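Participant: Supplied in structure tokens, the structure appears directly below.
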Amino acid sequence: METQKLQVWQTITDSIRYGLKNVASLLLLVVLYLLTFWIPYLNVGTTIGVCKAVIKMGRGEVINPLSIFDGENFNKMGEYFLLSGLTVIGTLAAAAFMFFPAFVIGIAWSFAPYFLLDKGYSPLKCLKVSYKVTYGEKWRIFFTYFIVSFAYSVIISLLGSIPHIGWLFSLVFALAFVAVFCAICGVMYAHFADKAESCCCEACDCGSPAPSVPAAPVAPAVSESTIVPPVAPAETPEEKTSADADSECGEA
């Protein structure tokens, strides 16, 4: 079944709506993250918590800034590091082929961390699923980011040119843009997560139909003529001797 492609303008519209709804929460989350990022080990959990917040934003939920301190964020720490290492190694290998393949593979694998934290896939499967669900849609992802970034550059330049108070408008707009940009990542992930489910990624390789289960073999019909009557067991010597003795007693 063919799934719907990523709609660029619809993605941007939803991201603006979801992002503005989370401006205050995301601002507090960013402040807490920056204050604790320098703390070893804790910064791992908060980084994973930020990724989870992006997933929730993409679904239209209002995020909880304190969720970055949840203890369950550390449950995926090993897999998160392994996924990051595989991504870096694969991207560097792709960069050896004149850099453009690294750009393409970077887009293709950009949703792997979200699959890891949301679906619980293994690191290798996250990379594989992220690559397959973005196949044929990488230009849509690129143009979504490009349009939003270009609009931000134009608007921030216009606001900055306002005398005296331009910096204040620029600051407010920059905070709103951060929220919208995070929402864009979340909305696009929500689209590709749905696409992964429709491709039966959990049951088999993404993009392939689920394997059919072979029917159990049917036992051949048995006619009455083929039924073998039960055979009486042969008498043992002890039973035969006992029977003969009983018959002699009867005759006597």
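Going by the structure tokens order, chains are called A, B, ..., each with residues numbered from 1, while ligands are numbered from 1 in the order shown.
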Please identify all polymer residues within 9 Å of Ile16 in chain A, counting only C-alpha atoms, omitting same-chain residues fewer than 6 positions from it, and present them as a PDB file with C-alpha atoms, in the first residue's frame.

Facilitator:
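Full text of result-v2.pdb as output:
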```
ATOM      1  CA  ALA A 176       9.849  31.378  18.587  1.00  0.00           C
ATOM      2  CA  PHE A 177      11.912  30.028  15.694  1.00  0.00           C
ATOM      3  CA  ALA A 179      10.320  26.206  19.078  1.00  0.00           C
ATOM      4  CA  VAL A 180       9.060  25.971  15.502  1.00  0.00           C
ATOM      5  CA  PHE A 181      12.253  24.269  14.308  1.00  0.00           C
ATOM      6  CA  ALA A 183       8.369  21.111  16.135  1.00  0.00           C
ATOM      7  CA  ILE A 184       9.350  20.616  12.482  1.00  0.00           C
TER       8      ILE A 184
END
```

Participant: Write out as a PDB file with C-alpha atoms, in the first residue's frame which residues come within 8 Å of Ile156 in chain A when counting only C-alpha atoms, dropping same-chain ones fewer than 2 positions away.

Facilitator:
```pdb
ATOM      1  CA  TYR A 152      14.040  33.055   9.392  1.00  0.00           C
ATOM      2  CA  SER A 153      17.043  34.826   7.828  1.00  0.00           C
ATOM      3  CA  VAL A 154      14.847  37.350   6.021  1.00  0.00           C
ATOM      4  CA  LEU A 158      14.145  42.990   8.890  1.00  0.00           C
ATOM      5  CA  LEU A 159      13.520  42.990  12.634  1.00  0.00           C
ATOM      6  CA  GLY A 160      17.153  43.747  13.366  1.00  0.00           C
ATOM      7  CA  SER A 170      14.870  39.722  17.002  1.00  0.00           C
ATOM      8  CA  PHE A 173      11.460  35.896  17.085  1.00  0.00           C
ATOM      9  CA  ALA A 174      14.581  33.764  17.563  1.00  0.00           C
TER      10      ALA A 174
END
```

Participant: Taking 5 positions as the minimum chain separation for residues in the same chain, which residues sit within 8 Å of range 81-88 of chain A when counting only C-alpha atoms? Answer as a PyMOL selection string.

Facilitator: chain A and resi 109+112-113+123-124+127

Participant: Store the residues of this selection in a file with N, CA, C and O atoms, as a PDB file, in the first residue's frame.

Facilitator:
```pdb
ATOM      1  N   TRP A 109      19.471   9.327   7.897  1.00  0.00           N
ATOM      2  CA  TRP A 109      19.606   8.783   9.249  1.00  0.00           C
ATOM      3  C   TRP A 109      19.192   9.761  10.343  1.00  0.00           C
ATOM      4  O   TRP A 109      19.329   9.451  11.530  1.00  0.00           O
ATOM      5  N   ALA A 112      16.815   8.445  13.095  1.00  0.00           N
ATOM      6  CA  ALA A 112      17.164   7.221  13.817  1.00  0.00           C
ATOM      7  C   ALA A 112      17.099   7.384  15.334  1.00  0.00           C
ATOM      8  O   ALA A 112      16.584   6.492  16.028  1.00  0.00           O
ATOM      9  N   PRO A 113      17.587   8.493  15.917  1.00  0.00           N
ATOM     10  CA  PRO A 113      17.475   8.625  17.380  1.00  0.00           C
ATOM     11  C   PRO A 113      16.044   8.626  17.884  1.00  0.00           C
ATOM     12  O   PRO A 113      15.755   8.105  18.973  1.00  0.00           O
ATOM     13  N   PRO A 123      19.893  -0.212  17.558  1.00  0.00           N
ATOM     14  CA  PRO A 123      20.564   0.852  16.790  1.00  0.00           C
ATOM     15  C   PRO A 123      20.650   0.570  15.293  1.00  0.00           C
ATOM     16  O   PRO A 123      20.408   1.461  14.475  1.00  0.00           O
ATOM     17  N   LEU A 124      20.986  -0.667  14.941  1.00  0.00           N
ATOM     18  CA  LEU A 124      21.083  -0.985  13.512  1.00  0.00           C
ATOM     19  C   LEU A 124      19.727  -0.898  12.821  1.00  0.00           C
ATOM     20  O   LEU A 124      19.619  -0.399  11.692  1.00  0.00           O
ATOM     21  N   LEU A 127      18.731   2.782  12.134  1.00  0.00           N
ATOM     22  CA  LEU A 127      19.365   3.333  10.935  1.00  0.00           C
ATOM     23  C   LEU A 127      18.702   2.793   9.674  1.00  0.00           C
ATOM     24  O   LEU A 127      18.462   3.539   8.714  1.00  0.00           O
TER      25      LEU A 127
END
```

Participant: List the spatial neighbours of Cys182 in chain A as a list in words - criterion: any atom at most 9 Å away, only C-alpha atoms, same-chain residues fewer than 6 positions off excluded.

Facilitator: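 Once the adjacent positions are removed, what remains is Ser15, Gly19, Ala53, Val54, Ile55, Met57 and Gly58 of chain A.
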
Participant: Have a look at CA of Lys21 in chain A and CA of Glu61 in chain A and let me know their distance in Å, one decimal.

Facilitator: 8.8 Å

Participant: Env of His191 in chain A: 12 Å cut, atoms = only C-alpha atoms, seq-sep filter 3 positions within chain, self excluded. Answer as a ChimeraX atom specification.

Facilitator: /A:3-8,10-11,14,55,58-59,111,130,133-134,137,141,184-188,194-198

Participant: Work out how far CA of Asn22 in chain A is from CA of Val62 in chain A, in Å to one decimal.

Facilitator: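 Interatomic distance, CA of Val62 in chain A to CA of Asn22 in chain A: 6.0 Å.
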
Participant: Based on the backbone DSSP call, show me all residues of range 14-99 of chain A assigned alpha helix (DSSP H), as a PyMOL selection string.

Facilitator: chain A and resi 14-21+23-36+42-58+77-95

Participant: Would you compute the distance between CA of Leu26 in chain A and CA of Ile107 in chain A? Give it in Å to one decimal.

Facilitator: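 Straight-line distance from CA of Leu26 in chain A to CA of Ile107 in chain A works out to 24.2 Å.
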
Participant: Find the residues around range 32-41 of chain A up to 12 Å (only C-alpha atoms counted), leave out those fewer than 5 positions away in its own chain, and share them as a PyMOL selection string.

Facilitator: chain A and resi 25-27+46-51+64-69+71+73-74+77

Participant: Next, the residues of the selection above should be written as a compact mmCIF listing (two decimals), in the first residue's frame with N, CA and C atoms.

Facilitator:
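Printed below is result.txt as written:
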```txt
# COMPACT_ATOMS: atom_id res chain seq x y z
N SER A 25 7.20 26.54 27.43
CA SER A 25 7.74 25.29 27.97
C SER A 25 9.12 25.00 27.39
N LEU A 26 9.27 25.24 26.08
CA LEU A 26 10.56 24.97 25.46
C LEU A 26 11.63 25.94 25.94
N LEU A 27 11.25 27.19 26.20
CA LEU A 27 12.21 28.16 26.71
C LEU A 27 12.76 27.71 28.06
N THR A 46 19.69 14.41 30.07
CA THR A 46 18.98 15.60 29.61
C THR A 46 18.97 15.69 28.08
N THR A 47 20.06 15.26 27.44
CA THR A 47 20.09 15.25 25.97
C THR A 47 19.05 14.30 25.41
N ILE A 48 18.95 13.12 26.00
CA ILE A 48 17.91 12.16 25.57
C ILE A 48 16.52 12.73 25.87
N GLY A 49 16.38 13.43 26.99
CA GLY A 49 15.10 14.04 27.32
C GLY A 49 14.68 15.10 26.32
N VAL A 50 15.63 15.85 25.78
CA VAL A 50 15.31 16.85 24.75
C VAL A 50 14.78 16.16 23.50
N CYS A 51 15.41 15.04 23.11
CA CYS A 51 14.93 14.30 21.94
C CYS A 51 13.50 13.79 22.15
N ASN A 64 6.65 18.89 29.05
CA ASN A 64 6.98 19.23 30.44
C ASN A 64 8.48 19.48 30.52
N PRO A 65 8.91 20.70 30.82
CA PRO A 65 10.36 20.99 30.84
C PRO A 65 11.14 20.10 31.80
N LEU A 66 10.52 19.69 32.88
CA LEU A 66 11.21 18.86 33.88
C LEU A 66 11.37 17.41 33.43
N SER A 67 10.77 17.07 32.30
CA SER A 67 10.85 15.68 31.83
C SER A 67 12.27 15.31 31.41
N ILE A 68 13.13 16.31 31.17
CA ILE A 68 14.50 15.97 30.78
C ILE A 68 15.29 15.36 31.94
N PHE A 69 14.75 15.44 33.16
CA PHE A 69 15.41 14.86 34.32
C PHE A 69 14.82 13.51 34.72
N GLY A 71 14.34 9.70 35.27
CA GLY A 71 15.33 8.64 35.40
C GLY A 71 15.32 7.65 34.26
N ASN A 73 15.26 8.19 31.25
CA ASN A 73 16.06 8.66 30.11
C ASN A 73 17.39 7.92 30.02
N PHE A 74 17.86 7.38 31.16
CA PHE A 74 19.14 6.70 31.16
C PHE A 74 19.03 5.24 30.72
N MET A 77 20.77 4.75 27.37
CA MET A 77 22.05 5.44 27.23
C MET A 77 23.03 4.64 26.38
```
